[in-house]
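Heads up: the structure comes next, in structure tokens.
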Amino acid sequence: MTLAHDVAGDGASTVLLLHSGVCDRRMWEGQFQALAEAGHRVVRCDLRGFGDTPVDGPHVHADDVAALLDGLGAERAALVGSSFGGGVALEFAARHPGRATALALLCADAPVDLEPGEELRAFGRREDELLEAGDLDAAVDLNVDLWLGPEADAEARELVRRMQRRAFELQLAAPEEFGPEPAGVAEADLARIDVPVLAVSGDHDVPVFREVAARLAALLPDARHLALDWAGHLPALERPEETARLLAGFLGSPALLTRP
């Protein structure tokens, strides 16, 4: 299946935007055209079970990304991933060596050996309770309250509310056997990702995601950690223009442009 996607720009370099697990491709509205205007061909997609892409069978998200790029004629791409999308970006780079040119990871999830912490465990238990009770509205509100930082305005909160509800509806309707399969990527595999990596964290985020960014910066050979003192878990929605400038600066760096 082809992931639902949009393309902007006609630059020589391809940038693929991968959304958070509480969002879909609509989350990139503040960066999509800005990165195209910076000289890239920009693709944003809905992974299976999000937005306009249904769940239609077992799948590996990283391999779906590879198939999307194949269909667009893009052998290589820089990947920008938010949270869950950051984990998919890392898995793509590990499972498909040589195809990622750079990774910008915004508060990324990652297959690293870290404990989630009690706050995240309690959130997971409460979300499960609400979904089992069929209370999607309360489950959506729970996610909006946790994942958006203090800079998020009412419009951003409402957008996340719509995107998260859509994801719940798609995923709860899918047969259990159609769920995502493990990518088979471990921490040791990440250490072999030798491309420029920017691991961003937010000071207002759940602590484990700050720990993940620091771990990635220490583990990957060409990575650095950038902590944003204003950000929660979704900086692309909390300060869209500032995040667009940050990404454009990283993706347009001379070190990246001169890599073979």
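Following the order of the structure tokens, chains are lettered A, B, ..., residues in each are numbered from 1, and ligands are numbered from 1.
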Practice problem: Quick one: everything within 8 Å of range 30-42 of chain A, counting only C-alpha atoms, minus sequence neighbours fewer than 3 positions away in the same chain. Send it as a PyMOL selection string. | Solution: chain A and resi 7-17+27+236-237+240-241+243-244+247-248
Writer output for current selection, C-alpha atoms, as an mmCIF file, in the first residue's frame:
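Output contents, as saved in result.cif:
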```cif
data_model
loop_
_atom_site.group_PDB
_atom_site.id
_atom_site.type_symbol
_atom_site.label_atom_id
_atom_site.label_comp_id
_atom_site.auth_asym_id
_atom_site.auth_seq_id
_atom_site.Cartn_x
_atom_site.Cartn_y
_atom_site.Cartn_z
ATOM 1 C CA VAL A 7 4.875 16.699 -1.730
ATOM 2 C CA ALA A 8 6.083 20.307 -1.903
ATOM 3 C CA GLY A 9 9.095 21.812 -3.627
ATOM 4 C CA ASP A 10 11.371 20.470 -6.322
ATOM 5 C CA GLY A 11 14.805 20.677 -4.709
ATOM 6 C CA ALA A 12 17.501 18.112 -5.350
ATOM 7 C CA SER A 13 17.405 16.854 -1.744
ATOM 8 C CA THR A 14 14.395 15.005 -0.351
ATOM 9 C CA VAL A 15 13.191 15.596 3.218
ATOM 10 C CA LEU A 16 10.616 13.214 4.701
ATOM 11 C CA LEU A 17 8.538 14.342 7.693
ATOM 12 C CA MET A 27 1.201 18.373 12.357
ATOM 13 C CA ALA A 236 6.720 21.592 15.799
ATOM 14 C CA LEU A 237 3.252 22.543 17.048
ATOM 15 C CA PRO A 240 6.082 26.219 14.448
ATOM 16 C CA GLU A 241 8.158 29.008 12.910
ATOM 17 C CA THR A 243 11.059 24.828 14.700
ATOM 18 C CA ALA A 244 11.025 25.413 10.926
ATOM 19 C CA LEU A 247 15.206 22.289 10.873
ATOM 20 C CA ALA A 248 16.138 24.413 7.865
#
```
Would you give me, as a Markdown table, each residue of range 33-142 of chain A having an atom within 7 Å of an atom of range 163-179 of chain A, along with its shortest atom pair and that distance in Å to one decimal, using only C-alpha atoms and sorting by chain and residue number?
```
| residue | atom | partner | partner_atom | distance |
| --- | --- | --- | --- | --- |
| A:Gly49 | CA | A:Gln171 | CA | 5.5 |
| A:Phe50 | CA | A:Ala167 | CA | 4.8 |
| A:Gly51 | CA | A:Arg166 | CA | 6.4 |
| A:Pro54 | CA | A:Leu170 | CA | 6.4 |
| A:Val55 | CA | A:Ala174 | CA | 6.2 |
| A:Asp56 | CA | A:Phe178 | CA | 6.6 |
| A:Gly57 | CA | A:Phe178 | CA | 4.3 |
| A:Pro58 | CA | A:Phe178 | CA | 4.3 |
| A:His59 | CA | A:Gly179 | CA | 6.9 |
| A:Val140 | CA | A:Arg165 | CA | 6.1 |
```
Quick one: write out the picked residues with all heavy atoms as a PDB file, in the first residue's frame?
```pdb
ATOM      1  N   GLY A  49      -2.484   3.577  10.037  1.00  0.00           N
ATOM      2  CA  GLY A  49      -3.248   3.765  11.258  1.00  0.00           C
ATOM      3  C   GLY A  49      -3.344   5.205  11.694  1.00  0.00           C
ATOM      4  O   GLY A  49      -3.773   5.483  12.814  1.00  0.00           O
ATOM      5  N   PHE A  50      -2.996   6.130  10.791  1.00  0.00           N
ATOM      6  CA  PHE A  50      -3.039   7.556  11.111  1.00  0.00           C
ATOM      7  C   PHE A  50      -3.582   8.328   9.907  1.00  0.00           C
ATOM      8  O   PHE A  50      -3.299   7.979   8.754  1.00  0.00           O
ATOM      9  CB  PHE A  50      -1.639   8.082  11.443  1.00  0.00           C
ATOM     10  CG  PHE A  50      -1.005   7.428  12.633  1.00  0.00           C
ATOM     11  CD1 PHE A  50      -0.238   6.270  12.483  1.00  0.00           C
ATOM     12  CD2 PHE A  50      -1.170   7.947  13.903  1.00  0.00           C
ATOM     13  CE1 PHE A  50       0.349   5.658  13.575  1.00  0.00           C
ATOM     14  CE2 PHE A  50      -0.588   7.342  15.008  1.00  0.00           C
ATOM     15  CZ  PHE A  50       0.179   6.188  14.841  1.00  0.00           C
ATOM     16  N   GLY A  51      -4.316   9.407  10.181  1.00  0.00           N
ATOM     17  CA  GLY A  51      -4.756  10.306   9.120  1.00  0.00           C
ATOM     18  C   GLY A  51      -5.543   9.613   8.033  1.00  0.00           C
ATOM     19  O   GLY A  51      -6.594   9.012   8.283  1.00  0.00           O
ATOM     20  N   PRO A  54      -5.229   3.855   6.199  1.00  0.00           N
ATOM     21  CA  PRO A  54      -5.829   2.844   7.070  1.00  0.00           C
ATOM     22  C   PRO A  54      -4.835   1.745   7.436  1.00  0.00           C
ATOM     23  O   PRO A  54      -3.736   1.659   6.878  1.00  0.00           O
ATOM     24  CB  PRO A  54      -6.965   2.284   6.207  1.00  0.00           C
ATOM     25  CG  PRO A  54      -6.465   2.455   4.810  1.00  0.00           C
ATOM     26  CD  PRO A  54      -5.687   3.740   4.802  1.00  0.00           C
ATOM     27  N   VAL A  55      -5.230   0.909   8.358  1.00  0.00           N
ATOM     28  CA  VAL A  55      -4.464  -0.293   8.683  1.00  0.00           C
ATOM     29  C   VAL A  55      -5.060  -1.431   7.865  1.00  0.00           C
ATOM     30  O   VAL A  55      -6.196  -1.835   8.092  1.00  0.00           O
ATOM     31  CB  VAL A  55      -4.550  -0.616  10.190  1.00  0.00           C
ATOM     32  CG1 VAL A  55      -3.703  -1.839  10.516  1.00  0.00           C
ATOM     33  CG2 VAL A  55      -4.116   0.579  11.031  1.00  0.00           C
ATOM     34  N   ASP A  56      -4.288  -1.957   6.910  1.00  0.00           N
ATOM     35  CA  ASP A  56      -4.861  -2.971   6.015  1.00  0.00           C
ATOM     36  C   ASP A  56      -4.078  -4.273   6.031  1.00  0.00           C
ATOM     37  O   ASP A  56      -4.230  -5.108   5.140  1.00  0.00           O
ATOM     38  CB  ASP A  56      -4.937  -2.427   4.583  1.00  0.00           C
ATOM     39  CG  ASP A  56      -3.560  -2.165   3.990  1.00  0.00           C
ATOM     40  OD1 ASP A  56      -2.577  -2.127   4.755  1.00  0.00           O
ATOM     41  OD2 ASP A  56      -3.475  -2.012   2.757  1.00  0.00           O
ATOM     42  N   GLY A  57      -3.266  -4.490   7.043  1.00  0.00           N
ATOM     43  CA  GLY A  57      -2.517  -5.728   7.153  1.00  0.00           C
ATOM     44  C   GLY A  57      -1.305  -5.540   8.031  1.00  0.00           C
ATOM     45  O   GLY A  57      -0.963  -4.422   8.423  1.00  0.00           O
ATOM     46  N   PRO A  58      -0.628  -6.637   8.389  1.00  0.00           N
ATOM     47  CA  PRO A  58       0.595  -6.522   9.174  1.00  0.00           C
ATOM     48  C   PRO A  58       1.624  -5.668   8.425  1.00  0.00           C
ATOM     49  O   PRO A  58       1.672  -5.682   7.192  1.00  0.00           O
ATOM     50  CB  PRO A  58       1.070  -7.972   9.311  1.00  0.00           C
ATOM     51  CG  PRO A  58      -0.145  -8.811   9.048  1.00  0.00           C
ATOM     52  CD  PRO A  58      -0.961  -8.038   8.054  1.00  0.00           C
ATOM     53  N   HIS A  59       2.452  -4.961   9.158  1.00  0.00           N
ATOM     54  CA  HIS A  59       3.375  -4.042   8.504  1.00  0.00           C
ATOM     55  C   HIS A  59       4.514  -3.673   9.432  1.00  0.00           C
ATOM     56  O   HIS A  59       4.416  -3.819  10.654  1.00  0.00           O
ATOM     57  CB  HIS A  59       2.639  -2.763   8.079  1.00  0.00           C
ATOM     58  CG  HIS A  59       1.916  -2.090   9.201  1.00  0.00           C
ATOM     59  ND1 HIS A  59       0.698  -2.538   9.670  1.00  0.00           N
ATOM     60  CD2 HIS A  59       2.239  -1.009   9.968  1.00  0.00           C
ATOM     61  CE1 HIS A  59       0.299  -1.764  10.665  1.00  0.00           C
ATOM     62  NE2 HIS A  59       1.225  -0.846  10.879  1.00  0.00           N
ATOM     63  N   VAL A 140      -8.535  11.104  24.492  1.00  0.00           N
ATOM     64  CA  VAL A 140      -7.952  12.168  23.677  1.00  0.00           C
ATOM     65  C   VAL A 140      -7.480  13.307  24.566  1.00  0.00           C
ATOM     66  O   VAL A 140      -6.352  13.802  24.434  1.00  0.00           O
ATOM     67  CB  VAL A 140      -8.972  12.665  22.631  1.00  0.00           C
ATOM     68  CG1 VAL A 140      -8.502  13.969  22.014  1.00  0.00           C
ATOM     69  CG2 VAL A 140      -9.187  11.605  21.551  1.00  0.00           C
TER      70      VAL A 140
END
```
Quiz item: Could you pull out all residues of range 14-257 of chain A with a DSSP call of strand (DSSP E or B) and give them as a ChimeraX atom specification?
Solution: /A:14-18,40-45,50,53,59,77-82,100-106,180,197-202,223-228
Atoms kept (C-alpha atoms) for selection, written as a PDB file, in the first residue's frame:
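Done, and the output landed in out-v1.pdb:
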```pdb
ATOM      1  CA  THR A  14      14.395  15.005  -0.351  1.00  0.00           C
ATOM      2  CA  VAL A  15      13.191  15.596   3.218  1.00  0.00           C
ATOM      3  CA  LEU A  16      10.616  13.214   4.701  1.00  0.00           C
ATOM      4  CA  LEU A  17       8.538  14.342   7.693  1.00  0.00           C
ATOM      5  CA  LEU A  18       7.331  11.583  10.048  1.00  0.00           C
ATOM      6  CA  HIS A  40      14.163  20.886  -0.558  1.00  0.00           C
ATOM      7  CA  ARG A  41      11.637  18.481  -1.997  1.00  0.00           C
ATOM      8  CA  VAL A  42       9.539  17.870   1.107  1.00  0.00           C
ATOM      9  CA  VAL A  43       7.295  14.868   1.699  1.00  0.00           C
ATOM     10  CA  ARG A  44       4.933  14.441   4.629  1.00  0.00           C
ATOM     11  CA  CYS A  45       3.043  11.180   5.050  1.00  0.00           C
ATOM     12  CA  PHE A  50      -3.039   7.556  11.111  1.00  0.00           C
ATOM     13  CA  THR A  53      -3.786   5.786   5.754  1.00  0.00           C
ATOM     14  CA  HIS A  59       3.375  -4.042   8.504  1.00  0.00           C
ATOM     15  CA  ALA A  77      16.382  11.269   2.032  1.00  0.00           C
ATOM     16  CA  ALA A  78      16.851  13.258   5.194  1.00  0.00           C
ATOM     17  CA  LEU A  79      14.265  12.239   7.771  1.00  0.00           C
ATOM     18  CA  VAL A  80      12.621  14.483  10.341  1.00  0.00           C
ATOM     19  CA  GLY A  81      10.775  12.512  12.993  1.00  0.00           C
ATOM     20  CA  SER A  82       8.643  13.651  15.921  1.00  0.00           C
ATOM     21  CA  ALA A 100      19.180   8.199   5.198  1.00  0.00           C
ATOM     22  CA  THR A 101      21.326  11.285   4.662  1.00  0.00           C
ATOM     23  CA  ALA A 102      20.518  12.911   8.018  1.00  0.00           C
ATOM     24  CA  LEU A 103      18.103  12.547  10.936  1.00  0.00           C
ATOM     25  CA  ALA A 104      16.419  15.376  12.844  1.00  0.00           C
ATOM     26  CA  LEU A 105      14.737  13.784  15.841  1.00  0.00           C
ATOM     27  CA  LEU A 106      12.277  15.891  17.820  1.00  0.00           C
ATOM     28  CA  PRO A 180       2.649  -3.171  13.358  1.00  0.00           C
ATOM     29  CA  VAL A 197      21.835  13.444  13.701  1.00  0.00           C
ATOM     30  CA  LEU A 198      20.204  16.241  15.664  1.00  0.00           C
ATOM     31  CA  ALA A 199      18.508  14.895  18.808  1.00  0.00           C
ATOM     32  CA  VAL A 200      16.181  17.581  20.167  1.00  0.00           C
ATOM     33  CA  SER A 201      14.570  17.469  23.595  1.00  0.00           C
ATOM     34  CA  GLY A 202      12.149  19.750  25.433  1.00  0.00           C
ATOM     35  CA  ALA A 223      24.989  13.151  16.727  1.00  0.00           C
ATOM     36  CA  ARG A 224      24.421  16.128  18.970  1.00  0.00           C
ATOM     37  CA  HIS A 225      21.801  16.892  21.581  1.00  0.00           C
ATOM     38  CA  LEU A 226      19.917  20.194  21.571  1.00  0.00           C
ATOM     39  CA  ALA A 227      17.716  20.955  24.589  1.00  0.00           C
ATOM     40  CA  LEU A 228      14.963  23.541  24.045  1.00  0.00           C
TER      41      LEU A 228
END
```
Self-check item: Which of range 71-150 of chain A fall in helix (DSSP H, G or I), as a ChimeraX atom specification
Solution: /A:71,84-95,118-132,136-147
List the neighbours of range 71-73 of chain A out to 10 Å using only C-alpha atoms; skip same-chain residues closer than 2 positions along the sequence, and give me the result as a PDB file with all heavy atoms, in the first residue's frame.
```pdb
ATOM      1  N   THR A   2       0.407   2.317  -0.618  1.00  0.00           N
ATOM      2  CA  THR A   2       1.119   3.593  -0.628  1.00  0.00           C
ATOM      3  C   THR A   2       0.583   4.468   0.490  1.00  0.00           C
ATOM      4  O   THR A   2      -0.624   4.698   0.588  1.00  0.00           O
ATOM      5  CB  THR A   2       0.939   4.310  -1.976  1.00  0.00           C
ATOM      6  OG1 THR A   2       1.452   3.486  -3.027  1.00  0.00           O
ATOM      7  CG2 THR A   2       1.695   5.631  -1.968  1.00  0.00           C
ATOM      8  N   VAL A   7       3.524  16.312  -1.301  1.00  0.00           N
ATOM      9  CA  VAL A   7       4.875  16.699  -1.730  1.00  0.00           C
ATOM     10  C   VAL A   7       4.878  18.188  -2.045  1.00  0.00           C
ATOM     11  O   VAL A   7       3.951  18.708  -2.684  1.00  0.00           O
ATOM     12  CB  VAL A   7       5.323  15.904  -2.980  1.00  0.00           C
ATOM     13  CG1 VAL A   7       6.736  16.309  -3.397  1.00  0.00           C
ATOM     14  CG2 VAL A   7       5.253  14.398  -2.718  1.00  0.00           C
ATOM     15  N   THR A  14      15.714  15.370  -0.856  1.00  0.00           N
ATOM     16  CA  THR A  14      14.395  15.005  -0.351  1.00  0.00           C
ATOM     17  C   THR A  14      14.407  15.004   1.170  1.00  0.00           C
ATOM     18  O   THR A  14      15.330  14.461   1.790  1.00  0.00           O
ATOM     19  CB  THR A  14      13.976  13.614  -0.863  1.00  0.00           C
ATOM     20  OG1 THR A  14      13.900  13.646  -2.287  1.00  0.00           O
ATOM     21  CG2 THR A  14      12.630  13.195  -0.297  1.00  0.00           C
ATOM     22  N   VAL A  43       8.378  15.849   1.684  1.00  0.00           N
ATOM     23  CA  VAL A  43       7.295  14.868   1.699  1.00  0.00           C
ATOM     24  C   VAL A  43       6.816  14.724   3.135  1.00  0.00           C
ATOM     25  O   VAL A  43       7.623  14.579   4.061  1.00  0.00           O
ATOM     26  CB  VAL A  43       7.776  13.492   1.185  1.00  0.00           C
ATOM     27  CG1 VAL A  43       6.615  12.499   1.132  1.00  0.00           C
ATOM     28  CG2 VAL A  43       8.453  13.626  -0.175  1.00  0.00           C
ATOM     29  N   VAL A  65       7.996   3.228   4.926  1.00  0.00           N
ATOM     30  CA  VAL A  65       8.703   4.459   4.555  1.00  0.00           C
ATOM     31  C   VAL A  65       9.615   4.206   3.358  1.00  0.00           C
ATOM     32  O   VAL A  65       9.658   5.004   2.414  1.00  0.00           O
ATOM     33  CB  VAL A  65       9.511   4.989   5.759  1.00  0.00           C
ATOM     34  CG1 VAL A  65      10.496   6.066   5.328  1.00  0.00           C
ATOM     35  CG2 VAL A  65       8.564   5.526   6.823  1.00  0.00           C
ATOM     36  N   ALA A  66      10.334   3.093   3.387  1.00  0.00           N
ATOM     37  CA  ALA A  66      11.214   2.759   2.258  1.00  0.00           C
ATOM     38  C   ALA A  66      10.406   2.608   0.972  1.00  0.00           C
ATOM     39  O   ALA A  66      10.824   3.084  -0.094  1.00  0.00           O
ATOM     40  CB  ALA A  66      11.981   1.474   2.560  1.00  0.00           C
ATOM     41  N   ALA A  67       9.248   1.962   1.054  1.00  0.00           N
ATOM     42  CA  ALA A  67       8.413   1.775  -0.132  1.00  0.00           C
ATOM     43  C   ALA A  67       7.886   3.112  -0.648  1.00  0.00           C
ATOM     44  O   ALA A  67       7.797   3.328  -1.867  1.00  0.00           O
ATOM     45  CB  ALA A  67       7.261   0.828   0.188  1.00  0.00           C
ATOM     46  N   LEU A  68       7.535   4.017   0.259  1.00  0.00           N
ATOM     47  CA  LEU A  68       7.071   5.342  -0.161  1.00  0.00           C
ATOM     48  C   LEU A  68       8.180   6.074  -0.919  1.00  0.00           C
ATOM     49  O   LEU A  68       7.934   6.644  -1.991  1.00  0.00           O
ATOM     50  CB  LEU A  68       6.642   6.152   1.053  1.00  0.00           C
ATOM     51  CG  LEU A  68       6.282   7.619   0.784  1.00  0.00           C
ATOM     52  CD1 LEU A  68       5.081   7.738  -0.139  1.00  0.00           C
ATOM     53  CD2 LEU A  68       6.013   8.350   2.104  1.00  0.00           C
ATOM     54  N   LEU A  69       9.381   6.063  -0.375  1.00  0.00           N
ATOM     55  CA  LEU A  69      10.493   6.738  -1.051  1.00  0.00           C
ATOM     56  C   LEU A  69      10.784   6.093  -2.405  1.00  0.00           C
ATOM     57  O   LEU A  69      11.082   6.790  -3.380  1.00  0.00           O
ATOM     58  CB  LEU A  69      11.736   6.723  -0.161  1.00  0.00           C
ATOM     59  CG  LEU A  69      11.638   7.588   1.104  1.00  0.00           C
ATOM     60  CD1 LEU A  69      12.871   7.374   1.978  1.00  0.00           C
ATOM     61  CD2 LEU A  69      11.480   9.064   0.751  1.00  0.00           C
ATOM     62  N   GLU A  75      16.081   7.671  -3.789  1.00  0.00           N
ATOM     63  CA  GLU A  75      16.958   6.646  -3.237  1.00  0.00           C
ATOM     64  C   GLU A  75      17.378   7.005  -1.824  1.00  0.00           C
ATOM     65  O   GLU A  75      17.512   6.137  -0.959  1.00  0.00           O
ATOM     66  CB  GLU A  75      18.182   6.461  -4.119  1.00  0.00           C
ATOM     67  CG  GLU A  75      19.212   5.460  -3.587  1.00  0.00           C
ATOM     68  CD  GLU A  75      18.653   4.065  -3.374  1.00  0.00           C
ATOM     69  OE1 GLU A  75      17.719   3.676  -4.098  1.00  0.00           O
ATOM     70  OE2 GLU A  75      19.157   3.364  -2.469  1.00  0.00           O
ATOM     71  N   ARG A  76      17.598   8.303  -1.570  1.00  0.00           N
ATOM     72  CA  ARG A  76      18.058   8.755  -0.259  1.00  0.00           C
ATOM     73  C   ARG A  76      17.227   9.960   0.191  1.00  0.00           C
ATOM     74  O   ARG A  76      16.695  10.695  -0.635  1.00  0.00           O
ATOM     75  CB  ARG A  76      19.545   9.126  -0.302  1.00  0.00           C
ATOM     76  CG  ARG A  76      20.427   8.021  -0.861  1.00  0.00           C
ATOM     77  CD  ARG A  76      21.885   8.462  -0.916  1.00  0.00           C
ATOM     78  NE  ARG A  76      22.483   8.450   0.418  1.00  0.00           N
ATOM     79  CZ  ARG A  76      23.533   9.186   0.766  1.00  0.00           C
ATOM     80  NH1 ARG A  76      24.053  10.049  -0.094  1.00  0.00           N
ATOM     81  NH2 ARG A  76      24.044   9.097   1.978  1.00  0.00           N
TER      82      ARG A  76
END
```
Practice problem: Might you pull out every residue within 12 Å of Leu130 in chain A, with only C-alpha atoms counted and same-chain residues fewer than 5 positions away left off, and present them as a list in words? | Solution: Phe123, Gly124, Arg125, Asp135, Leu136, Asp137, Ala138, Ala139, Val140, Asp141, Leu142, Asn143 and Phe168 of chain A
Export of prior selection with N, CA and C atoms as a PDB file, in the first residue's frame:
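Below is the file result-v1.pdb, written as the result:
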```pdb
ATOM      1  N   PHE A 123       0.305   7.073  32.871  1.00  0.00           N
ATOM      2  CA  PHE A 123      -0.428   7.545  31.695  1.00  0.00           C
ATOM      3  C   PHE A 123      -0.926   6.363  30.865  1.00  0.00           C
ATOM      4  N   GLY A 124      -0.050   5.386  30.612  1.00  0.00           N
ATOM      5  CA  GLY A 124      -0.438   4.225  29.811  1.00  0.00           C
ATOM      6  C   GLY A 124      -1.569   3.438  30.442  1.00  0.00           C
ATOM      7  N   ARG A 125      -1.504   3.278  31.762  1.00  0.00           N
ATOM      8  CA  ARG A 125      -2.587   2.552  32.452  1.00  0.00           C
ATOM      9  C   ARG A 125      -3.903   3.295  32.324  1.00  0.00           C
ATOM     10  N   ASP A 135     -14.370   5.427  26.223  1.00  0.00           N
ATOM     11  CA  ASP A 135     -14.413   6.880  26.434  1.00  0.00           C
ATOM     12  C   ASP A 135     -13.293   7.541  25.630  1.00  0.00           C
ATOM     13  N   LEU A 136     -13.489   7.659  24.315  1.00  0.00           N
ATOM     14  CA  LEU A 136     -12.461   8.224  23.448  1.00  0.00           C
ATOM     15  C   LEU A 136     -12.208   9.700  23.746  1.00  0.00           C
ATOM     16  N   ASP A 137     -13.251  10.431  24.089  1.00  0.00           N
ATOM     17  CA  ASP A 137     -13.061  11.856  24.373  1.00  0.00           C
ATOM     18  C   ASP A 137     -12.089  12.053  25.534  1.00  0.00           C
ATOM     19  N   ALA A 138     -12.268  11.285  26.594  1.00  0.00           N
ATOM     20  CA  ALA A 138     -11.385  11.421  27.756  1.00  0.00           C
ATOM     21  C   ALA A 138      -9.968  10.944  27.420  1.00  0.00           C
ATOM     22  N   ALA A 139      -9.854   9.890  26.613  1.00  0.00           N
ATOM     23  CA  ALA A 139      -8.535   9.399  26.222  1.00  0.00           C
ATOM     24  C   ALA A 139      -7.810  10.438  25.368  1.00  0.00           C
ATOM     25  N   VAL A 140      -8.535  11.104  24.492  1.00  0.00           N
ATOM     26  CA  VAL A 140      -7.952  12.168  23.677  1.00  0.00           C
ATOM     27  C   VAL A 140      -7.480  13.307  24.566  1.00  0.00           C
ATOM     28  N   ASP A 141      -8.323  13.741  25.492  1.00  0.00           N
ATOM     29  CA  ASP A 141      -7.948  14.840  26.384  1.00  0.00           C
ATOM     30  C   ASP A 141      -6.723  14.486  27.213  1.00  0.00           C
ATOM     31  N   LEU A 142      -6.629  13.237  27.651  1.00  0.00           N
ATOM     32  CA  LEU A 142      -5.470  12.777  28.421  1.00  0.00           C
ATOM     33  C   LEU A 142      -4.187  12.981  27.620  1.00  0.00           C
ATOM     34  N   ASN A 143      -4.233  12.641  26.335  1.00  0.00           N
ATOM     35  CA  ASN A 143      -3.057  12.794  25.477  1.00  0.00           C
ATOM     36  C   ASN A 143      -2.722  14.258  25.224  1.00  0.00           C
ATOM     37  N   PHE A 168      -7.073   6.950  17.027  1.00  0.00           N
ATOM     38  CA  PHE A 168      -7.791   5.970  17.853  1.00  0.00           C
ATOM     39  C   PHE A 168      -8.855   5.242  17.029  1.00  0.00           C
TER      40      PHE A 168
END
```
Practice problem: Would you mind telling me which residue in A:Ala74, A:Leu219, A:Ala186, A:Val206 lies nearest to Pro111 in chain A when using only C-alpha atoms? | Solution: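 Looking at the shortest contact to Pro111 in chain A, the residue is A:Ala186.
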